[in-house]
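Have a look at the structure below before the remarks.
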Amino acid sequence: MPGAIYAEGLVKTFGDVRALDGVDLDVPEGTVLGLLGPNGAGKTTAVRCLTTLLRPDSGKAVVAGIDVLRQPNEVRRSIGLSGQFAAVDEYLTGRENLQMVGQLYQMKGRAAKARAAELLDQFHLSDAADRPTKTYSGGMRRRLDLAAALVVSPPVMFMDEPTTGLDPRNRQELWEVIKRLVAGGTTLLLTTQYLEEADHLAHDIAVVDHGRVIARGTSDQLKARTGGERVEVVVHERHHMATASEVLAGFGKGATTVEEHTRKLTVPVTGGAKLLAEVIRELDVRGIEIDDIGLRRPTLDDVFLSLTGHVAEVADEGNGSADDAAHEQEKEAAK
């Protein structure tokens with residue numbers, strides 16, 4: 001039985017740009033799928049197709065048990081969407097923004113006011129509730145935008161890079177809000193460029209590149225595909241590199257990489273911090289002085305370098321990517 005969010009063979013093209021090239025997704029009810037990929041990979045285009053903002057050229061999509069292509073209005077009543085940029089009216093107060101959303105969903109005035117007050121409290125915005133949102137910080141605007149997406153308590157949520165541009169503190173706060181939301185039973189599709197974000201929030205991760213899902217699994221499974229943990233050592237004296245390489249070979253689970261010019265040696269390992277302590281002791285016994293040593297885990301760039309052959313660079317605006325093309329089509333449709 002398909003999950004709360006289901007897509008099969010989604011294709012979307014914009015001229016010569018193939019934004020989605022047969023995307024398949026299945027998100028079980030009450031779980032989080034992290035859609036991971038660089039800018040322009042097709043993440044935002046997929047979200048726009050699943051939330052009825054764009055119509056795919058072919059394929060099937062079902063959200064909350066409703067066919068996206070046949071019953072788009074019903075889908076909209078069953079979902080919440082928080083986009084890359086906070087979609088709030090900066091001249092209205094936080095309270096007025098939320099009440100307006102409630103009224104757009106045909107909630108009665110008293111119910112809209114009560115729901116706005118509840119959400120302002122939940123998102124720690126009560127103290128700023130009656131200030132114009134143009135006076136809000138970026139983190140406050142993002143929280144208000146998320147609150148607006150939850151006015152009608154949708155069973156399915158889509159969040160498109162919700163923490164882009166936020167400082168670490170605001171990012172952590174938003175993560176906690178999202179965790180509480182999912183704990184309450186909401187199904188979430190989250191797009192992100194940050195593996196750390198997917199680590200914290202996603203039950204499962206789908207990696208997207210050039211409009212295709214190229215890998216899927218848990219965060220640990222994806223990291224394992226890039227070689228797992230590595231010990232990196234920078235020796236103080238160049239003539240100690242050969243001996244240090246022998247030491248690392250005794251602990252490693254693969255070949256040791258040696259960079260002569262930086263005096264750095266890297267070896268894949270398993271065992272975490274306990275093994276790192278053993279390596280340090282052995283280097284000390286052998287009389288090898290080190291400038292630096294650390295246990296390194298794969299990053300987003302490591303994952304993408306392994307899976308796609310290129311790093312996950314942030315695309316420049318207007319670079320002709322899939323998601324840029326989708327955005328341009330939306331602007332044209334709005335004219």
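Here, A, B, ... name the chains of the structure tokens in the order displayed, residue numbers run from 1 inside each chain, and ligands are numbered from 1 in the same displayed order.
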
(request) Could you find all residues in range 39-286 of chain A that DSSP calls strand (DSSP E) from the backbone, and write them as a ChimeraX atom specification? (result) /A:58-63,66-67,79-82,156-160,187-192,204-209,212-217,229-235,257-259,264-269

Within 6 Å of range 276-300 of chain A, which residues of range 174-249 of chain A show up? Give each one with its shortest atom-to-atom distance in Å (one decimal) and the two atoms involved, counting only C-alpha atoms, rows by chain then rising residue number, as a tab-separated table.
```
residue	atom	partner	partner_atom	distance
A:Leu195	CA	A:Leu300	CA	5.3
A:Lys223	CA	A:Pro298	CA	5.9
A:Glu229	CA	A:Arg297	CA	4.8
A:Arg230	CA	A:Arg296	CA	5.1
A:Val231	CA	A:Leu295	CA	4.7
A:Glu232	CA	A:Gly294	CA	5.5
A:Val233	CA	A:Ile293	CA	4.4
A:Val234	CA	A:Asp292	CA	5.1
A:Val235	CA	A:Ile290	CA	4.2
A:His236	CA	A:Ile290	CA	4.9
```

Output file for the selection above: N, CA and C atoms, as an mmCIF file, in the first residue's frame:
```cif
data_model
loop_
_atom_site.group_PDB
_atom_site.id
_atom_site.type_symbol
_atom_site.label_atom_id
_atom_site.label_comp_id
_atom_site.auth_asym_id
_atom_site.auth_seq_id
_atom_site.Cartn_x
_atom_site.Cartn_y
_atom_site.Cartn_z
ATOM 1 N N LEU A 195 23.492 17.462 4.987
ATOM 2 C CA LEU A 195 23.428 16.108 5.492
ATOM 3 C C LEU A 195 23.175 16.109 6.992
ATOM 4 N N LYS A 223 26.388 7.192 4.362
ATOM 5 C CA LYS A 223 27.768 7.463 4.768
ATOM 6 C C LYS A 223 28.662 6.257 4.510
ATOM 7 N N GLU A 229 33.912 6.041 8.465
ATOM 8 C CA GLU A 229 34.815 6.898 9.231
ATOM 9 C C GLU A 229 36.240 6.809 8.696
ATOM 10 N N ARG A 230 36.996 7.876 8.916
ATOM 11 C CA ARG A 230 38.408 7.918 8.546
ATOM 12 C C ARG A 230 39.207 8.558 9.670
ATOM 13 N N VAL A 231 40.391 8.047 9.903
ATOM 14 C CA VAL A 231 41.341 8.722 10.787
ATOM 15 C C VAL A 231 42.288 9.531 9.913
ATOM 16 N N GLU A 232 42.437 10.804 10.249
ATOM 17 C CA GLU A 232 43.381 11.681 9.546
ATOM 18 C C GLU A 232 44.480 12.102 10.508
ATOM 19 N N VAL A 233 45.714 11.975 10.079
ATOM 20 C CA VAL A 233 46.868 12.333 10.904
ATOM 21 C C VAL A 233 47.790 13.238 10.110
ATOM 22 N N VAL A 234 48.236 14.313 10.733
ATOM 23 C CA VAL A 234 49.273 15.171 10.152
ATOM 24 C C VAL A 234 50.505 15.035 11.041
ATOM 25 N N VAL A 235 51.578 14.442 10.500
ATOM 26 C CA VAL A 235 52.793 14.238 11.288
ATOM 27 C C VAL A 235 53.649 15.503 11.264
ATOM 28 N N HIS A 236 54.447 15.676 12.344
ATOM 29 C CA HIS A 236 55.260 16.890 12.457
ATOM 30 C C HIS A 236 56.487 16.836 11.545
#
```

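Note that the spacing between CA of Ile66 in chain A and CA of Ala4 in chain A amounts to 9.2 Å.
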
(message) Taking only C-alpha atoms into account, name the residue in A:Ser58, A:Thr44, A:Thr256, A:Thr226 that is nearest to Ala7 in chain A.
(response) A:Ser58

Would you give me, as CSV, each residue of range 5-35 of chain A having an atom within 7 Å of an atom of range 198-220 of chain A, along with its shortest atom pair and that distance in Å to one decimal, using only C-alpha atoms and sorting by chain and residue number?
```
residue,atom,partner,partner_atom,distance
A:Arg18,CA,A:Gly211,CA,6.9
A:Ala19,CA,A:Gly211,CA,5.2
A:Leu20,CA,A:Gly211,CA,4.1
A:Asp21,CA,A:Gly211,CA,5.0
A:Gly22,CA,A:Arg212,CA,6.4
A:Val23,CA,A:Arg212,CA,5.6
A:Thr31,CA,A:His203,CA,6.3
A:Val32,CA,A:Ala202,CA,4.8
A:Leu33,CA,A:Asp204,CA,5.1
A:Gly34,CA,A:Ile205,CA,4.6
A:Leu35,CA,A:Ala206,CA,5.1
```

Any chance you could export the current selection's N, CA, C and O atoms as a CSV table (one decimal), in the first residue's frame?
```csv
chain,number,residue,atom,x,y,z
A,18,ARG,N,15.6,18.9,-18.4
A,18,ARG,CA,14.8,17.8,-17.9
A,18,ARG,C,14.9,17.8,-16.4
A,18,ARG,O,15.8,17.3,-15.7
A,19,ALA,N,13.9,18.5,-15.8
A,19,ALA,CA,14.0,18.8,-14.3
A,19,ALA,C,13.8,17.6,-13.5
A,19,ALA,O,14.5,17.3,-12.5
A,20,LEU,N,12.8,16.7,-13.9
A,20,LEU,CA,12.6,15.4,-13.2
A,20,LEU,C,12.6,14.4,-14.3
A,20,LEU,O,12.0,14.5,-15.3
A,21,ASP,N,13.4,13.3,-14.0
A,21,ASP,CA,13.6,12.3,-15.0
A,21,ASP,C,13.2,10.9,-14.5
A,21,ASP,O,14.0,10.0,-14.5
A,22,GLY,N,12.0,10.8,-14.1
A,22,GLY,CA,11.5,9.5,-13.6
A,22,GLY,C,11.6,9.3,-12.1
A,22,GLY,O,12.2,8.3,-11.7
A,23,VAL,N,11.2,10.3,-11.3
A,23,VAL,CA,11.4,10.2,-9.9
A,23,VAL,C,10.4,9.3,-9.2
A,23,VAL,O,9.2,9.4,-9.5
A,31,THR,N,6.4,9.4,9.0
A,31,THR,CA,7.8,9.4,8.9
A,31,THR,C,8.3,10.7,8.2
A,31,THR,O,7.5,11.4,7.6
A,32,VAL,N,9.6,10.8,8.2
A,32,VAL,CA,10.3,12.0,7.5
A,32,VAL,C,11.2,11.4,6.4
A,32,VAL,O,12.0,10.6,6.7
A,33,LEU,N,11.0,11.9,5.2
A,33,LEU,CA,11.9,11.6,4.1
A,33,LEU,C,12.7,12.8,3.8
A,33,LEU,O,12.1,13.9,3.5
A,34,GLY,N,14.0,12.7,3.9
A,34,GLY,CA,14.9,13.8,3.5
A,34,GLY,C,15.2,13.7,2.0
A,34,GLY,O,15.8,12.7,1.6
A,35,LEU,N,14.9,14.7,1.3
A,35,LEU,CA,15.3,14.8,-0.2
A,35,LEU,C,16.6,15.6,-0.2
A,35,LEU,O,16.5,16.8,-0.1
```

(message) If I take CA of Ser126 in chain A and CA of Ala149 in chain A, how far is one from the other in Å, to one decimal?
(response) 17.3 Å

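Nearest residue to Asn97 in chain A among A:Cys49, A:Ala148, A:Val63, A:Leu125 is A:Ala148, counting only C-alpha atoms.
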
(request) For range 159-175 of chain A, please output as a PyMOL selection string all residues within 10 Å (counting only C-alpha atoms; exclusion window: fewer than 3 positions along the same chain). (result) chain A and resi 34-36+43-44+47-48+80-86+123-124+137-140+142-143+145-146+149+178-181+188-194+197+200-201

(request) Return the single residue from A:Glu96, A:Glu259, A:Glu176, A:Glu237 that is closest to Arg115 in chain A, with distances computed using only C-alpha atoms. (result) A:Glu96

(request) Tell me, as a list of chain:residue names, which residues lie within 12 Å of Gln106 in chain A, counting only C-alpha atoms; anything in the same chain fewer than 6 positions away does not count. (result) A:Arg77, A:Gln99, A:Met100, A:Ala112, A:Val151, A:Val152

Taking all heavy atoms for each residue, export the selection above as a PDB file, in the first residue's frame.
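The result, stored in again_9.pdb:
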```
ATOM      1  N   ARG A  77      -6.068  20.915   0.389  1.00  0.00           N
ATOM      2  CA  ARG A  77      -6.724  20.974   1.699  1.00  0.00           C
ATOM      3  C   ARG A  77      -6.079  20.033   2.711  1.00  0.00           C
ATOM      4  O   ARG A  77      -6.343  20.128   3.904  1.00  0.00           O
ATOM      5  CB  ARG A  77      -8.209  20.635   1.555  1.00  0.00           C
ATOM      6  CG  ARG A  77      -9.008  21.624   0.711  1.00  0.00           C
ATOM      7  CD  ARG A  77     -10.496  21.338   0.790  1.00  0.00           C
ATOM      8  NE  ARG A  77     -11.240  22.191  -0.131  1.00  0.00           N
ATOM      9  CZ  ARG A  77     -11.695  21.794  -1.329  1.00  0.00           C
ATOM     10  NH1 ARG A  77     -11.485  20.545  -1.728  1.00  0.00           N
ATOM     11  NH2 ARG A  77     -12.355  22.614  -2.115  1.00  0.00           N
ATOM     12  N   GLN A  99      -4.064  34.674  11.199  1.00  0.00           N
ATOM     13  CA  GLN A  99      -5.512  34.778  11.090  1.00  0.00           C
ATOM     14  C   GLN A  99      -5.948  34.846   9.640  1.00  0.00           C
ATOM     15  O   GLN A  99      -6.968  34.250   9.247  1.00  0.00           O
ATOM     16  CB  GLN A  99      -6.014  36.007  11.858  1.00  0.00           C
ATOM     17  CG  GLN A  99      -5.906  35.867  13.360  1.00  0.00           C
ATOM     18  CD  GLN A  99      -6.377  37.111  14.110  1.00  0.00           C
ATOM     19  OE1 GLN A  99      -6.175  37.229  15.309  1.00  0.00           O
ATOM     20  NE2 GLN A  99      -6.988  38.053  13.399  1.00  0.00           N
ATOM     21  N   MET A 100      -5.185  35.546   8.820  1.00  0.00           N
ATOM     22  CA  MET A 100      -5.517  35.652   7.403  1.00  0.00           C
ATOM     23  C   MET A 100      -5.472  34.273   6.738  1.00  0.00           C
ATOM     24  O   MET A 100      -6.365  33.918   5.952  1.00  0.00           O
ATOM     25  CB  MET A 100      -4.544  36.597   6.701  1.00  0.00           C
ATOM     26  CG  MET A 100      -4.785  36.709   5.198  1.00  0.00           C
ATOM     27  SD  MET A 100      -3.580  37.798   4.382  1.00  0.00           S
ATOM     28  CE  MET A 100      -2.094  36.807   4.538  1.00  0.00           C
ATOM     29  N   ALA A 112     -10.189  31.119  13.829  1.00  0.00           N
ATOM     30  CA  ALA A 112      -8.922  31.570  13.252  1.00  0.00           C
ATOM     31  C   ALA A 112      -8.078  32.298  14.290  1.00  0.00           C
ATOM     32  O   ALA A 112      -6.851  32.109  14.365  1.00  0.00           O
ATOM     33  CB  ALA A 112      -9.175  32.472  12.042  1.00  0.00           C
ATOM     34  N   VAL A 151      -1.696  25.943  10.073  1.00  0.00           N
ATOM     35  CA  VAL A 151      -2.945  26.511  10.580  1.00  0.00           C
ATOM     36  C   VAL A 151      -4.068  25.478  10.579  1.00  0.00           C
ATOM     37  O   VAL A 151      -4.864  25.404  11.513  1.00  0.00           O
ATOM     38  CB  VAL A 151      -3.340  27.768   9.775  1.00  0.00           C
ATOM     39  CG1 VAL A 151      -4.783  28.156  10.050  1.00  0.00           C
ATOM     40  CG2 VAL A 151      -2.417  28.927  10.129  1.00  0.00           C
ATOM     41  N   VAL A 152      -4.138  24.661   9.536  1.00  0.00           N
ATOM     42  CA  VAL A 152      -5.232  23.689   9.450  1.00  0.00           C
ATOM     43  C   VAL A 152      -4.792  22.287   9.875  1.00  0.00           C
ATOM     44  O   VAL A 152      -5.464  21.309   9.565  1.00  0.00           O
ATOM     45  CB  VAL A 152      -5.819  23.641   8.018  1.00  0.00           C
ATOM     46  CG1 VAL A 152      -6.527  24.938   7.701  1.00  0.00           C
ATOM     47  CG2 VAL A 152      -4.742  23.331   6.994  1.00  0.00           C
TER      48      VAL A 152
END
```

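From CA of Leu54 in chain A back to CA of Leu69 in chain A, the distance works out to 9.9 Å.
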
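The shortest atom-to-atom distance to Phe158 in chain A, with only C-alpha atoms taken into account, belongs to A:Val182 out of A:Ala255, A:Val182, A:Leu98, A:Leu92.
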
(request) Would you mind listing what lies within 10 Å of Val68 in chain A as a ChimeraX atom specification, with only C-alpha atoms counted and same-chain residues fewer than 5 positions away left out? (result) /A:6-7,49-52,55-56,60-63,73-76

(request) Tell me which of A:Val269, A:Ala46, A:Val27, A:Val177 sits closest to Lys12 in chain A, counting only C-alpha atoms. (result) A:Ala46

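Contact shell of Tyr91 in chain A at 9 Å (only C-alpha atoms; same-chain neighbours under 6 positions omitted): Pro132, Thr133 and Lys134 of chain A.
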